[in-house]
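One file, work-v4.tsv, is given below (TSV, C-alpha atoms and all ligand atoms).
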```
chain	number	residue	atom	x	y	z
S	1	MET	CA	145.71	-128.41	-62.98
S	2	LYS	CA	149.30	-129.41	-63.30
S	3	ILE	CA	150.63	-129.84	-59.78
S	4	ALA	CA	154.10	-130.62	-58.45
S	5	MET	CA	154.57	-131.99	-54.96
S	6	LEU	CA	157.97	-131.22	-53.50
S	7	ALA	CA	158.77	-134.23	-51.34
S	8	ARG	CA	161.56	-136.68	-50.67
S	9	ASN	CA	159.81	-139.93	-49.93
S	10	ALA	CA	157.08	-140.78	-52.42
S	11	LYS	CA	155.96	-143.77	-50.35
S	12	LEU	CA	154.82	-141.82	-47.28
S	13	TYR	CA	151.11	-142.17	-46.53
S	14	SER	CA	150.51	-138.38	-46.75
S	15	HIS	CA	152.21	-138.12	-50.13
S	16	GLN	CA	150.40	-141.14	-51.55
S	17	ARG	CA	147.07	-139.75	-50.38
S	18	LEU	CA	147.71	-136.37	-51.97
S	19	LEU	CA	148.67	-138.05	-55.27
S	20	GLU	CA	145.56	-140.20	-55.13
S	21	ALA	CA	143.27	-137.27	-54.29
S	22	ALA	CA	144.66	-135.07	-57.07
S	23	ARG	CA	144.49	-137.82	-59.70
S	24	SER	CA	140.98	-138.86	-58.74
S	25	ARG	CA	139.88	-135.25	-59.24
S	26	GLY	CA	141.39	-135.21	-62.73
S	27	HIS	CA	144.62	-133.35	-62.10
S	28	ASP	CA	148.07	-134.04	-63.38
S	29	ILE	CA	150.42	-134.38	-60.39
S	30	GLU	CA	153.97	-135.55	-59.93
S	31	ILE	CA	156.37	-135.87	-57.03
S	32	ILE	CA	159.59	-133.97	-57.40
S	33	ASP	CA	162.47	-134.89	-55.14
S	34	THR	CA	163.26	-131.56	-53.49
S	35	LEU	CA	166.98	-132.22	-53.12
S	36	LYS	CA	167.36	-133.10	-56.81
S	37	VAL	CA	166.04	-129.76	-58.04
S	38	TYR	CA	168.72	-127.27	-58.98
S	39	MET	CA	168.18	-123.73	-60.04
S	40	ASN	CA	169.27	-120.89	-62.18
S	41	ILE	CA	168.89	-117.65	-60.28
S	42	THR	CA	168.83	-115.09	-63.00
S	43	SER	CA	166.83	-111.90	-63.10
S	44	HIS	CA	164.85	-112.33	-66.30
S	45	ARG	CA	164.11	-116.00	-66.55
S	46	PRO	CA	164.63	-117.80	-63.24
S	47	GLN	CA	164.50	-121.56	-63.73
S	48	ALA	CA	164.13	-124.68	-61.66
S	49	ARG	CA	165.68	-127.73	-63.28
S	50	TYR	CA	165.36	-131.44	-62.66
S	51	GLY	CA	167.14	-134.28	-64.43
S	52	GLY	CA	168.48	-131.96	-67.11
S	53	LYS	CA	165.10	-130.42	-67.92
S	54	SER	CA	163.41	-127.18	-66.99
S	55	LEU	CA	160.41	-127.50	-64.65
S	56	THR	CA	157.73	-125.41	-66.32
S	57	GLY	CA	154.00	-125.19	-66.75
S	58	PHE	CA	152.97	-125.91	-63.15
S	59	ASP	CA	149.82	-124.28	-61.79
S	60	ALA	CA	150.58	-125.10	-58.16
S	61	ILE	CA	153.22	-126.53	-55.86
S	62	ILE	CA	152.44	-128.60	-52.78
S	63	PRO	CA	155.47	-128.26	-50.53
S	64	ARG	CA	156.13	-131.20	-48.20
S	65	ILE	CA	159.50	-130.14	-46.87
S	66	GLY	CA	160.91	-132.17	-44.01
S	67	ALA	CA	162.54	-130.38	-41.08
S	68	SER	CA	165.96	-131.82	-41.91
S	69	ILE	CA	166.06	-130.18	-45.36
S	70	THR	CA	164.38	-126.88	-44.49
S	71	PHE	CA	167.19	-124.70	-45.82
S	72	TYR	CA	167.47	-126.20	-49.30
S	73	GLY	CA	163.77	-127.01	-49.54
S	74	LEU	CA	162.75	-123.41	-48.92
S	75	ALA	CA	165.27	-122.19	-51.50
S	76	VAL	CA	163.66	-124.49	-54.09
S	77	LEU	CA	160.16	-123.36	-53.09
S	78	ASN	CA	161.20	-119.74	-53.27
S	79	GLN	CA	162.57	-120.34	-56.77
S	80	PHE	CA	159.12	-121.48	-57.92
S	81	GLU	CA	157.64	-118.37	-56.30
S	82	MET	CA	160.11	-116.23	-58.27
S	83	MET	CA	158.88	-118.01	-61.40
S	84	GLY	CA	155.33	-116.93	-60.52
S	85	VAL	CA	154.04	-120.39	-59.57
S	86	TYR	CA	151.43	-120.57	-56.80
S	87	THR	CA	152.57	-122.47	-53.71
S	88	LEU	CA	150.11	-123.99	-51.24
S	89	ASN	CA	152.15	-122.58	-48.35
S	90	SER	CA	154.67	-119.85	-49.07
S	91	SER	CA	158.36	-120.27	-48.31
S	92	GLU	CA	158.18	-117.26	-46.02
S	93	ALA	CA	155.31	-118.68	-43.95
S	94	ILE	CA	156.98	-122.08	-43.67
S	95	ALA	CA	160.25	-120.46	-42.55
S	96	LYS	CA	158.38	-118.47	-39.91
S	97	SER	CA	156.60	-121.49	-38.48
S	98	ARG	CA	159.68	-123.73	-38.51
S	99	ASP	CA	161.29	-121.50	-35.95
S	100	LYS	CA	159.35	-122.53	-32.81
S	101	LEU	CA	160.45	-119.50	-30.86
S	102	ARG	CA	159.55	-117.02	-33.57
S	103	CYS	CA	156.22	-118.75	-34.03
S	104	LEU	CA	155.40	-118.32	-30.32
S	105	GLN	CA	156.52	-114.69	-30.42
S	106	ILE	CA	154.24	-113.92	-33.37
S	107	LEU	CA	151.28	-115.65	-31.71
S	108	SER	CA	151.91	-113.95	-28.36
S	109	ARG	CA	151.82	-110.50	-29.91
S	110	ALA	CA	148.35	-111.23	-31.25
S	111	GLY	CA	147.08	-112.43	-27.87
S	112	ILE	CA	146.77	-116.15	-28.75
S	113	GLY	CA	146.80	-118.32	-25.60
S	114	LEU	CA	150.22	-119.92	-25.04
S	115	PRO	CA	151.89	-121.86	-22.25
S	116	VAL	CA	154.05	-119.34	-20.36
S	117	THR	CA	157.42	-119.80	-22.04
S	118	GLY	CA	160.95	-118.70	-21.16
S	119	PHE	CA	164.04	-118.60	-23.32
S	120	ALA	CA	167.54	-117.62	-22.27
S	121	HIS	CA	171.09	-117.85	-23.53
S	122	SER	CA	172.90	-117.52	-20.25
S	123	THR	CA	172.43	-119.85	-17.27
S	124	GLN	CA	173.21	-117.06	-14.85
S	125	PHE	CA	169.55	-116.45	-14.01
S	126	THR	CA	168.14	-119.96	-14.36
S	127	ASP	CA	166.37	-119.75	-10.97
S	128	ASP	CA	164.52	-116.67	-12.15
S	129	LEU	CA	163.75	-118.27	-15.52
S	130	ILE	CA	162.11	-121.25	-13.79
S	131	ASP	CA	160.14	-118.98	-11.42
S	132	MET	CA	159.11	-116.78	-14.32
S	133	VAL	CA	157.19	-119.64	-15.99
S	134	GLY	CA	155.47	-120.49	-12.72
S	135	GLY	CA	158.04	-122.73	-11.00
S	136	ALA	CA	158.47	-126.52	-11.12
S	137	PRO	CA	157.23	-128.73	-12.63
S	138	VAL	CA	158.31	-127.28	-15.97
S	139	VAL	CA	158.66	-128.65	-19.47
S	140	ILE	CA	162.04	-128.21	-21.13
S	141	LYS	CA	162.14	-128.42	-24.93
S	142	LEU	CA	164.96	-128.55	-27.39
S	143	LEU	CA	164.18	-125.93	-30.04
S	144	GLU	CA	165.15	-128.34	-32.81
S	145	GLY	CA	163.29	-131.34	-31.35
S	146	THR	CA	160.51	-133.21	-33.11
S	147	GLN	CA	158.23	-136.23	-32.52
S	148	GLY	CA	158.53	-135.72	-28.78
S	149	ILE	CA	162.27	-136.33	-28.69
S	150	GLY	CA	163.93	-133.56	-26.75
S	151	VAL	CA	160.87	-132.72	-24.63
S	152	VAL	CA	161.35	-133.46	-20.95
S	153	LEU	CA	159.39	-132.85	-17.78
S	154	ALA	CA	161.37	-131.57	-14.81
S	155	GLU	CA	159.39	-132.29	-11.65
S	156	THR	CA	161.38	-130.19	-9.20
S	157	HIS	CA	163.18	-126.87	-9.26
S	158	ARG	CA	166.49	-128.66	-8.63
S	159	SER	CA	166.12	-131.11	-11.51
S	160	ALA	CA	164.89	-128.32	-13.83
S	161	LYS	CA	167.95	-126.27	-13.01
S	162	SER	CA	170.41	-129.10	-13.63
S	163	MET	CA	168.68	-130.12	-16.91
S	164	ILE	CA	168.74	-126.54	-18.19
S	165	GLU	CA	172.41	-126.25	-17.28
S	166	ALA	CA	173.22	-129.58	-18.94
S	167	PHE	CA	171.43	-128.63	-22.18
S	168	ARG	CA	173.03	-125.21	-22.24
S	169	GLY	CA	176.43	-126.78	-21.50
S	170	LEU	CA	175.98	-128.65	-24.79
S	171	ASN	CA	175.07	-125.35	-26.43
S	172	ALA	CA	171.52	-126.54	-27.17
S	173	ASN	CA	168.77	-123.95	-27.52
S	174	ILE	CA	165.89	-124.73	-25.19
S	175	LEU	CA	162.51	-123.40	-24.22
S	176	VAL	CA	161.37	-123.61	-20.61
S	177	GLN	CA	157.62	-123.88	-20.39
S	178	GLU	CA	154.83	-123.91	-17.88
S	179	TYR	CA	153.65	-127.53	-17.48
S	180	ILE	CA	149.96	-127.80	-18.37
S	181	LYS	CA	149.15	-130.65	-16.00
S	182	GLU	CA	145.41	-130.46	-16.53
S	183	ALA	CA	145.87	-131.44	-20.21
S	184	GLY	CA	146.35	-134.95	-18.78
S	185	SER	CA	149.03	-136.13	-21.25
S	186	SER	CA	146.90	-135.22	-24.22
S	187	ASP	CA	146.95	-132.58	-26.88
S	188	ILE	CA	144.74	-131.49	-29.77
S	189	ARG	CA	145.74	-131.30	-33.41
S	190	CYS	CA	143.50	-129.07	-35.54
S	191	LEU	CA	143.97	-129.27	-39.28
S	192	VAL	CA	143.33	-125.88	-40.81
S	193	ILE	CA	142.70	-125.36	-44.52
S	194	GLY	CA	142.10	-121.74	-45.54
S	195	ASP	CA	139.89	-120.32	-42.81
S	196	LYS	CA	138.38	-123.60	-41.58
S	197	VAL	CA	139.30	-126.40	-39.22
S	198	VAL	CA	138.48	-129.43	-41.40
S	199	ALA	CA	139.45	-132.14	-38.90
S	200	ALA	CA	140.56	-132.36	-35.29
S	201	MET	CA	141.93	-135.17	-33.18
S	202	LEU	CA	142.88	-135.66	-29.58
S	203	ARG	CA	146.15	-137.45	-28.98
S	204	GLN	CA	146.44	-139.23	-25.68
S	205	GLY	CA	149.83	-140.27	-24.31
S	206	ASN	CA	150.28	-143.66	-22.70
S	207	GLU	CA	150.24	-143.96	-18.92
S	208	GLU	CA	153.95	-143.55	-18.30
S	209	ASP	CA	154.44	-140.57	-20.59
S	210	PHE	CA	153.32	-136.96	-20.36
S	211	ARG	CA	153.91	-136.61	-24.13
S	212	SER	CA	151.05	-137.48	-26.45
S	213	ASN	CA	153.06	-137.92	-29.69
S	214	LEU	CA	151.83	-140.87	-31.76
S	215	HIS	CA	155.51	-141.73	-32.32
S	216	ARG	CA	155.86	-142.06	-28.55
S	217	GLY	CA	153.00	-144.53	-28.24
S	218	GLY	CA	150.13	-142.08	-28.01
S	219	HIS	CA	146.65	-142.84	-29.42
S	220	ALA	CA	144.45	-140.61	-31.52
S	221	LYS	CA	140.70	-140.16	-31.65
S	222	SER	CA	138.35	-137.76	-33.34
S	223	ILE	CA	137.00	-134.95	-31.14
S	224	ARG	CA	134.62	-132.06	-31.22
S	225	ILE	CA	136.45	-128.86	-30.54
S	226	THR	CA	135.02	-125.79	-28.84
S	227	PRO	CA	134.37	-122.55	-30.77
S	228	GLU	CA	137.29	-121.00	-28.87
S	229	GLU	CA	139.62	-123.81	-29.96
S	230	ARG	CA	138.39	-123.44	-33.52
S	231	SER	CA	139.00	-119.71	-33.66
S	232	THR	CA	142.39	-120.09	-31.94
S	233	ALA	CA	143.46	-122.58	-34.62
S	234	VAL	CA	142.22	-120.47	-37.53
S	235	ARG	CA	143.72	-117.25	-36.15
S	236	SER	CA	147.06	-118.98	-35.54
S	237	ALA	CA	147.17	-120.24	-39.13
S	238	LYS	CA	146.36	-116.78	-40.42
S	239	LEU	CA	149.00	-115.12	-38.25
S	240	MET	CA	151.62	-117.51	-39.59
S	241	GLY	CA	150.38	-116.94	-43.14
S	242	LEU	CA	149.80	-120.67	-43.72
S	243	ASN	CA	146.94	-121.90	-45.93
S	244	VAL	CA	147.31	-125.47	-44.70
S	245	CYS	CA	148.71	-126.39	-41.30
S	246	GLY	CA	148.30	-128.41	-38.16
S	247	VAL	CA	147.80	-126.35	-35.03
S	248	ASP	CA	148.73	-128.19	-31.84
S	249	MET	CA	147.24	-127.05	-28.58
S	250	LEU	CA	146.69	-128.09	-24.99
S	251	ARG	CA	143.46	-127.75	-23.04
S	252	SER	CA	144.52	-125.63	-20.08
S	253	ASN	CA	142.48	-124.22	-17.19
S	254	HIS	CA	142.74	-120.84	-18.88
S	255	GLY	CA	141.54	-122.01	-22.30
S	256	PRO	CA	143.39	-123.45	-25.30
S	257	VAL	CA	147.14	-122.80	-25.41
S	258	VAL	CA	149.03	-123.27	-28.67
S	259	MET	CA	152.28	-125.24	-28.64
S	260	GLU	CA	153.11	-125.24	-32.29
S	261	VAL	CA	151.95	-124.61	-35.85
S	262	ASN	CA	153.10	-127.31	-38.27
S	263	SER	CA	153.34	-126.40	-41.96
S	264	SER	CA	153.66	-129.99	-43.25
S	265	PRO	CA	151.20	-131.90	-41.09
S	266	GLY	CA	151.11	-135.68	-41.44
S	267	LEU	CA	147.76	-136.98	-42.70
S	268	GLU	CA	147.82	-140.60	-41.59
S	269	GLY	CA	146.91	-140.31	-37.90
S	270	LEU	CA	144.37	-137.60	-38.60
S	271	GLU	CA	142.58	-139.24	-41.55
S	272	LYS	CA	142.44	-142.58	-39.79
S	273	ALA	CA	141.15	-141.10	-36.53
S	274	THR	CA	138.55	-138.81	-38.10
S	275	ASN	CA	137.65	-140.46	-41.43
S	276	VAL	CA	137.91	-137.03	-43.04
S	277	ASP	CA	139.36	-136.95	-46.56
S	278	VAL	CA	141.93	-134.29	-45.67
S	279	ALA	CA	143.98	-134.89	-48.85
S	280	GLY	CA	140.86	-134.32	-50.97
S	281	LYS	CA	140.09	-131.11	-49.10
S	282	ILE	CA	143.63	-129.82	-49.73
S	283	ILE	CA	143.23	-130.43	-53.47
S	284	GLN	CA	139.77	-128.78	-53.37
S	285	PHE	CA	141.39	-125.73	-51.77
S	286	LEU	CA	143.85	-125.52	-54.68
S	287	GLU	CA	140.95	-125.85	-57.14
S	288	SER	CA	138.92	-123.06	-55.56
S	289	ARG	CA	141.93	-120.78	-55.60
S	290	GLU	CA	142.61	-121.64	-59.24
S	291	ASN	CA	138.98	-120.85	-60.11
S	292	ARG	CA	139.21	-117.50	-58.31
S	293	GLU	CA	142.38	-116.68	-60.23
S	294	ASN	CA	140.75	-117.62	-63.54
S	295	ARG	CA	137.73	-115.46	-62.76
S	296	LYS	CA	140.02	-112.58	-61.89
S	297	THR	CA	142.00	-112.88	-65.11
S	298	SER	CA	138.87	-113.21	-67.22
S	299	SER	CA	137.23	-110.18	-65.56
S	300	LYS	CA	140.47	-108.23	-65.99
S	301	LYS	CA	140.40	-109.26	-69.64
S	302	LYS	CA	136.78	-108.08	-69.94
S	303	VAL	CA	137.64	-104.72	-68.35
S	304	ALA	CA	140.57	-104.37	-70.74
S	305	GLU	CA	138.33	-105.24	-73.72
S	306	LYS	CA	135.65	-102.75	-72.60
S	307	SER	CA	138.13	-99.92	-72.17
S	308	ALA	CA	139.64	-100.73	-75.56
S	309	GLU	CA	136.13	-100.49	-77.09
S	310	LYS	CA	135.52	-97.18	-75.31
S	311	SER	CA	138.78	-95.67	-76.47
S	312	LEU	CA	137.89	-96.71	-80.02
S	313	GLU	CA	134.53	-94.92	-79.65
S	314	LYS	CA	136.30	-91.84	-78.37
S	315	THR	CA	138.97	-91.82	-81.06
S	316	PRO	CA	138.38	-88.53	-82.79
S	317	GLU	CA	137.93	-88.23	-86.52
S	318	LYS	CA	141.00	-87.11	-88.28
S	319	GLY	CA	139.56	-83.73	-88.94
S	320	ASP	CA	138.96	-83.21	-85.22
S	321	GLU	CA	142.58	-83.53	-84.39
S	322	LYS	CA	144.13	-80.44	-83.04
S	323	SER	CA	146.84	-79.20	-85.24
S	324	GLU	CA	150.15	-79.16	-83.57
W	401	LIG	N1	153.86	-127.17	-21.74
W	401	LIG	C1	153.41	-128.42	-21.80
W	401	LIG	N2	152.58	-128.91	-20.85
W	401	LIG	C2	152.11	-130.18	-20.91
W	401	LIG	N3	152.43	-131.06	-21.87
W	401	LIG	C3	153.24	-130.63	-22.85
W	401	LIG	C4	153.76	-129.30	-22.89
W	401	LIG	N4	154.53	-129.16	-23.97
W	401	LIG	C5	154.51	-130.35	-24.60
W	401	LIG	N5	153.73	-131.24	-23.96
W	401	LIG	C6	153.47	-132.64	-24.36
W	401	LIG	O1	154.62	-133.12	-25.04
W	401	LIG	C7	154.34	-133.42	-26.41
W	401	LIG	C8	155.51	-133.02	-27.30
W	401	LIG	O2	155.74	-131.62	-27.26
W	401	LIG	P1	155.90	-130.72	-28.57
W	401	LIG	O3	154.79	-130.97	-29.51
W	401	LIG	O4	156.13	-129.34	-28.12
W	401	LIG	O5	157.26	-131.27	-29.17
W	401	LIG	P2	157.51	-132.22	-30.41
W	401	LIG	O6	156.29	-133.04	-30.67
W	401	LIG	O7	158.78	-132.92	-30.16
W	401	LIG	O8	157.71	-131.21	-31.55
W	401	LIG	P3	156.95	-131.18	-32.94
W	401	LIG	O9	155.49	-131.03	-32.60
W	401	LIG	O10	157.59	-130.04	-33.59
W	401	LIG	O11	157.22	-132.50	-33.62
W	401	LIG	C9	153.06	-132.66	-26.70
W	401	LIG	O12	152.35	-133.28	-27.74
W	401	LIG	C10	152.32	-132.67	-25.37
W	401	LIG	O13	151.60	-133.89	-25.20
W	402	MG	MG	154.37	-132.06	-31.27
```
Can you dump the structure from the file as structure tokens?
Ligand SMILES: Nc1ncnc2c1ncn2[C@@H]1O[C@H](COP(=O)(O)OP(=O)(O)OP(=O)(O)O)[C@@H](O)[C@H]1O
Ligand SMILES: [Mg+2]
Amino acid sequence: MKIAMLARNAKLYSHQRLLEAARSRGHDIEIIDTLKVYMNITSHRPQARYGGKSLTGFDAIIPRIGASITFYGLAVLNQFEMMGVYTLNSSEAIAKSRDKLRCLQILSRAGIGLPVTGFAHSTQFTDDLIDMVGGAPVVIKLLEGTQGIGVVLAETHRSAKSMIEAFRGLNANILVQEYIKEAGSSDIRCLVIGDKVVAAMLRQGNEEDFRSNLHRGGHAKSIRITPEERSTAVRSAKLMGLNVCGVDMLRSNHGPVVMEVNSSPGLEGLEKATNVDVAGKIIQFLESRENRENRKTSSKKKVAEKSAEKSLEKTPEKGDEKSE
């Protein structure tokens, strides 16, 4: 296969591992700097260009689009989709999952376990908002936050109220969430590929922090997940329409609750904690899809050939033609 990986930083562990895995399986892969692609949006021959040349002939795109360039990155990915190139995760699915609120709304409609979550524009009914999610302590999250920055624990009703008012005073969009104390400063990351969880790790926060992010000093280890956790992860991926994603959940007293679905999961922590060749499994997924496509086209071709043969058999002799 000829694969393009849309990414900014070629040196990142995840990107290096994907390159390595694809090359070792005999594929031709290159990294394309997402922000350097420009495009020609025309109805008959849409094009993506890079360094003065047209990007053509790719069988698949692996999108690794960072949160800070979501807008442009998804436009580039969508351009490849318009050109008929297969993308590991579609631009539509990535857009859906990037919006944390929308993601929770989609999962909630399907009955996936979630921490009770509130969202409001006005601060007029903050008391009710806090009560609605079960009262203090509550977790307050900046919608645009990542790596644990912008996630705070408010221990009392009073502090929750003043934090919410302060964030809203700065016009920040925040979620107010039930605090899952029993998770004990840990969360679970399940890596889903297709309809399988291929690796799972437990991240444990350090003693002073309720957040388990590895960037905040948390530690990761491999774990066995329960069948319920497994099906929650797979169903969440399916609902978001993502072929590859990281599903983050907390172990609550009422079963697994999903916090987020990440469309560009980092591989380093997970591969090192579990020893699973996640990069290899992602490339294998692309291969199996490519094989399916090839089988489909060849069976379509066979059907077309058969019907052509039949119509030849049926072609009446000239003398049989009805006169007009
Ligand atoms: N409702 C909650 N109850 C208990 N702990 C929570 C809750 N929400 C978040 N946490 C803890 O805080 C950490 C960070 O929260 P979250 O994953 O929502 O934000 P983030 O990591 O900043 O965002 P992203 O995952 O998009 O990078 C979680 O990994 C988890 O350990
Ligand atoms: Mg997180």
Using all atoms listed in the file, which residues sit within 9 Å of S:Ala48 once same-chain residues fewer than 5 positions away are excluded, as a list of chain:residue names?
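Listing them by chain and then by number gives S:Val37, S:Tyr38, S:Met39, S:Asn40, S:Ile41, S:Lys53, S:Ser54, S:Leu55, S:Thr56, S:Val76, S:Gln79, S:Phe80, S:Met83.
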Ligand MG 402 (chain W) neighbours within 8 Å using all atoms listed in the file, as a VMD selection string
chain S and resid 146 to 148 212 to 213 248 259 to 260
Could you tell me how far atom CA of S:Leu202 lies from atom CA of S:Ile130, in Å and to one decimal?
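Pair atom CA of S:Leu202 / atom CA of S:Ile130 returns 28.8 Å.
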Ligand LIG 401 (chain W) neighbours within 7 Å using all atoms listed in the file, as an mmCIF file with C-alpha atoms, in the coordinates of the input:
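Once everything was written out, this is result35.cif:
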```cif
data_model
loop_
_atom_site.group_PDB
_atom_site.id
_atom_site.type_symbol
_atom_site.label_atom_id
_atom_site.label_comp_id
_atom_site.auth_asym_id
_atom_site.auth_seq_id
_atom_site.Cartn_x
_atom_site.Cartn_y
_atom_site.Cartn_z
ATOM 1 C CA PRO S 115 151.890 -121.860 -22.250
ATOM 2 C CA VAL S 139 158.660 -128.650 -19.470
ATOM 3 C CA LYS S 141 162.140 -128.420 -24.930
ATOM 4 C CA GLY S 145 163.290 -131.340 -31.350
ATOM 5 C CA THR S 146 160.510 -133.210 -33.110
ATOM 6 C CA GLN S 147 158.230 -136.230 -32.520
ATOM 7 C CA GLY S 148 158.530 -135.720 -28.780
ATOM 8 C CA ILE S 149 162.270 -136.330 -28.690
ATOM 9 C CA GLY S 150 163.930 -133.560 -26.750
ATOM 10 C CA VAL S 151 160.870 -132.720 -24.630
ATOM 11 C CA GLN S 177 157.620 -123.880 -20.390
ATOM 12 C CA GLU S 178 154.830 -123.910 -17.880
ATOM 13 C CA TYR S 179 153.650 -127.530 -17.480
ATOM 14 C CA ILE S 180 149.960 -127.800 -18.370
ATOM 15 C CA LYS S 181 149.150 -130.650 -16.000
ATOM 16 C CA ALA S 183 145.870 -131.440 -20.210
ATOM 17 C CA SER S 185 149.030 -136.130 -21.250
ATOM 18 C CA SER S 186 146.900 -135.220 -24.220
ATOM 19 C CA ASP S 187 146.950 -132.580 -26.880
ATOM 20 C CA GLY S 205 149.830 -140.270 -24.310
ATOM 21 C CA PHE S 210 153.320 -136.960 -20.360
ATOM 22 C CA ARG S 211 153.910 -136.610 -24.130
ATOM 23 C CA SER S 212 151.050 -137.480 -26.450
ATOM 24 C CA ASN S 213 153.060 -137.920 -29.690
ATOM 25 C CA MET S 259 152.280 -125.240 -28.640
ATOM 26 C CA GLU S 260 153.110 -125.240 -32.290
#
```
Measuring between all atoms listed in the file, which one of S:Ala279, S:Ala172, S:Leu250, S:Leu239 shows the shortest distance to S:Ala120?
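Closest residue, counting all atoms listed in the file: S:Ala172.
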Between S:Val176, S:Glu228, S:Ala67, S:Arg168, single out the one closest to S:Val133, counting all atoms listed in the file.
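Counting all atoms listed in the file, the residue closest to S:Val133 is S:Val176.
Taking atom CA of S:Leu19 and atom CA of S:Ile31 as the two end points, the separation is 8.2 Å.
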So that I can check the surroundings of S:Gly84, please list as a ChimeraX atom specification every protein, DNA and RNA residue that reaches within 10 Å of it, counting all atoms listed in the file and ignoring chain neighbours fewer than 2 positions away.
/S:46,58-60,78-82,86-87
Could you state the separation of atom CA of S:Glu208 and atom CA of S:Ala154 in Å, given to one decimal place?
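According to the coordinates, atom CA of S:Glu208 and atom CA of S:Ala154 are separated by 14.5 Å.
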May I have the residues within 9 Å of S:Leu88 as a list in words, using only C-alpha atoms and disregarding those fewer than 3 positions away in the same chain?
Ala60, Ile61, Ile62, Pro63, Leu242, Asn243, Val244, Ile282, Phe285 and Leu286 of chain S
Need to verify the contact set: S:Ala200, 7 Å, only C-alpha atoms, exclusion of same-chain residues closer than 5 positions in sequence. Can you return it as a VMD selection string?
chain S and resid 188 to 191 222 to 223
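Residues with any atom within 10 Å of S:Thr34, counting all atoms listed in the file and excluding same-chain neighbours fewer than 5 positions away, are Met5, Leu6, Ala7, Arg8, Asn9, Tyr50, Pro63, Arg64, Ile65, Gly66, Ile69, Tyr72, Gly73, Leu74, Ala75, Val76 and Leu77 of chain S.
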S:Glu20 proximity check over S:Arg98, S:Val278, S:Val152, S:Ser90, using all atoms listed in the file: winner is S:Val278
Taking all atoms listed in the file into account, which of S:Gly280, S:Met240, S:Thr297, S:His121 comes nearest S:Arg109?
S:Met240
